[in-house]
Amino acid sequence: MRIVPRCTFLLVFTCCAALSAADTESQITAVLNVQVDAWNRGDIPAFVTTYADDCVFVGKQVVHGRDQVLARYEKTYPTRQAMGHLTFSALEVHPLSGDIAVVTGEWHLDRSGGAGNVGGLFSLVLQRRADGWKIALDHTS
């Protein structure tokens with residue numbers, strides 16, 4: 001019987017955990033890139049595909065469900081000019097478990113034609129589901 005030293009097990013476990021966290025971060029970053037790309041194409045329905053069906057959005061009001069989130073975005077940003085060009089910055093991904101992560105960051109819309117630039121902060125709770133990482137809770141100010 002071969003005995004594996006305890007430090008070897010800890011090293012392997014630590015490396016696997018680090019790889020898992022890095023993999024989670026890259027997968028979640030990909031979700032946010034889908035949002036940015038869809039928004040900057042003017043495709044709000046594609047932007048909202050990153051939300052879970054049963055999501056909650058907290059802004060000036062609380063909205064429940066992806067369909068209501070879509071309706072909110074379409075009402076708030078009815079034109080390409082109102083949508084502007086989206087960028088995210090200061091992103092921090094914090095995996096809480098293998099299937100839950102919190103993301104914080106800043107959003108900014110560059111808008112021309114008198115609409116004025118806007119931006120703020122956000123925190124997201126993402127959950128890994130059968131169809132990938134989805135936004136379960138979005139708190140945007």
# chains A, B, ... in the order shown; residues from 1 in each chain; ligands from 1
call {"tool": "select_by_dssp", "arguments": {"residues": "chain A", "states": "strand (DSSP E)", "output": "CSV table (one decimal) with C-alpha atoms, in the first residue's frame"}}
result
chain,number,residue,atom,x,y,z
A,51,TYR,CA,-31.1,36.1,-16.9
A,52,ALA,CA,-32.7,33.1,-15.2
A,53,ASP,CA,-36.4,32.7,-15.9
A,54,ASP,CA,-37.1,33.3,-12.2
A,55,CYS,CA,-34.7,36.1,-11.7
A,56,VAL,CA,-35.2,39.2,-9.6
A,57,PHE,CA,-34.1,42.7,-10.8
A,58,VAL,CA,-33.7,45.4,-8.2
A,62,VAL,CA,-38.3,45.3,-8.0
A,63,VAL,CA,-39.1,43.2,-11.1
A,64,HIS,CA,-39.6,39.4,-11.1
A,85,HIS,CA,-22.7,52.0,-26.0
A,86,LEU,CA,-22.3,49.7,-22.9
A,87,THR,CA,-19.1,49.0,-21.0
A,88,PHE,CA,-18.5,47.2,-17.7
A,89,SER,CA,-15.5,48.0,-15.5
A,90,ALA,CA,-14.1,47.2,-12.1
A,91,LEU,CA,-15.5,43.7,-12.3
A,92,GLU,CA,-14.9,41.4,-9.4
A,93,VAL,CA,-16.1,37.8,-9.5
A,94,HIS,CA,-16.5,36.0,-6.1
A,95,PRO,CA,-17.4,32.3,-6.3
A,100,ILE,CA,-23.2,30.3,-7.0
A,101,ALA,CA,-21.1,33.5,-7.6
A,102,VAL,CA,-21.4,37.2,-6.8
A,103,VAL,CA,-20.2,39.7,-9.3
A,104,THR,CA,-19.8,43.4,-8.6
A,105,GLY,CA,-18.8,46.1,-11.0
A,106,GLU,CA,-19.6,49.4,-12.7
A,107,TRP,CA,-21.6,50.0,-15.9
A,108,HIS,CA,-21.5,52.9,-18.2
A,109,LEU,CA,-23.5,54.0,-21.2
A,110,ASP,CA,-21.9,56.4,-23.7
A,118,VAL,CA,-25.2,57.5,-17.6
A,119,GLY,CA,-23.7,54.8,-15.3
A,120,GLY,CA,-23.7,53.3,-11.9
A,121,LEU,CA,-22.9,50.2,-9.9
A,122,PHE,CA,-24.2,46.7,-10.0
A,123,SER,CA,-24.1,43.5,-8.0
A,124,LEU,CA,-25.2,40.2,-9.5
A,125,VAL,CA,-25.8,36.8,-8.1
A,126,LEU,CA,-25.3,34.1,-10.7
A,127,GLN,CA,-26.2,30.5,-10.5
A,128,ARG,CA,-24.9,27.6,-12.6
A,129,ARG,CA,-28.0,25.9,-14.0
A,132,GLY,CA,-25.1,27.5,-17.9
A,133,TRP,CA,-24.5,30.4,-15.7
A,134,LYS,CA,-27.6,32.7,-15.3
A,135,ILE,CA,-28.2,35.9,-13.4
A,136,ALA,CA,-30.6,35.1,-10.5
A,137,LEU,CA,-30.4,38.5,-8.9
A,138,ASP,CA,-29.4,41.8,-10.4
A,139,HIS,CA,-29.1,44.9,-8.2
A,140,THR,CA,-28.3,47.9,-10.3
call {"tool": "select_by_dssp", "arguments": {"residues": "chain A", "states": "alpha helix (DSSP H)", "output": "MDAnalysis selection string"}}
result
chainID A and resid 6:41 44:48 66:76 80:83
call {"tool": "closest_residue", "arguments": {"among": "A:Asn117, A:Thr49, A:Ser97, A:Ser112", "to": "Leu70 in chain A", "atoms": "only C-alpha atoms"}}
result
A:Thr49
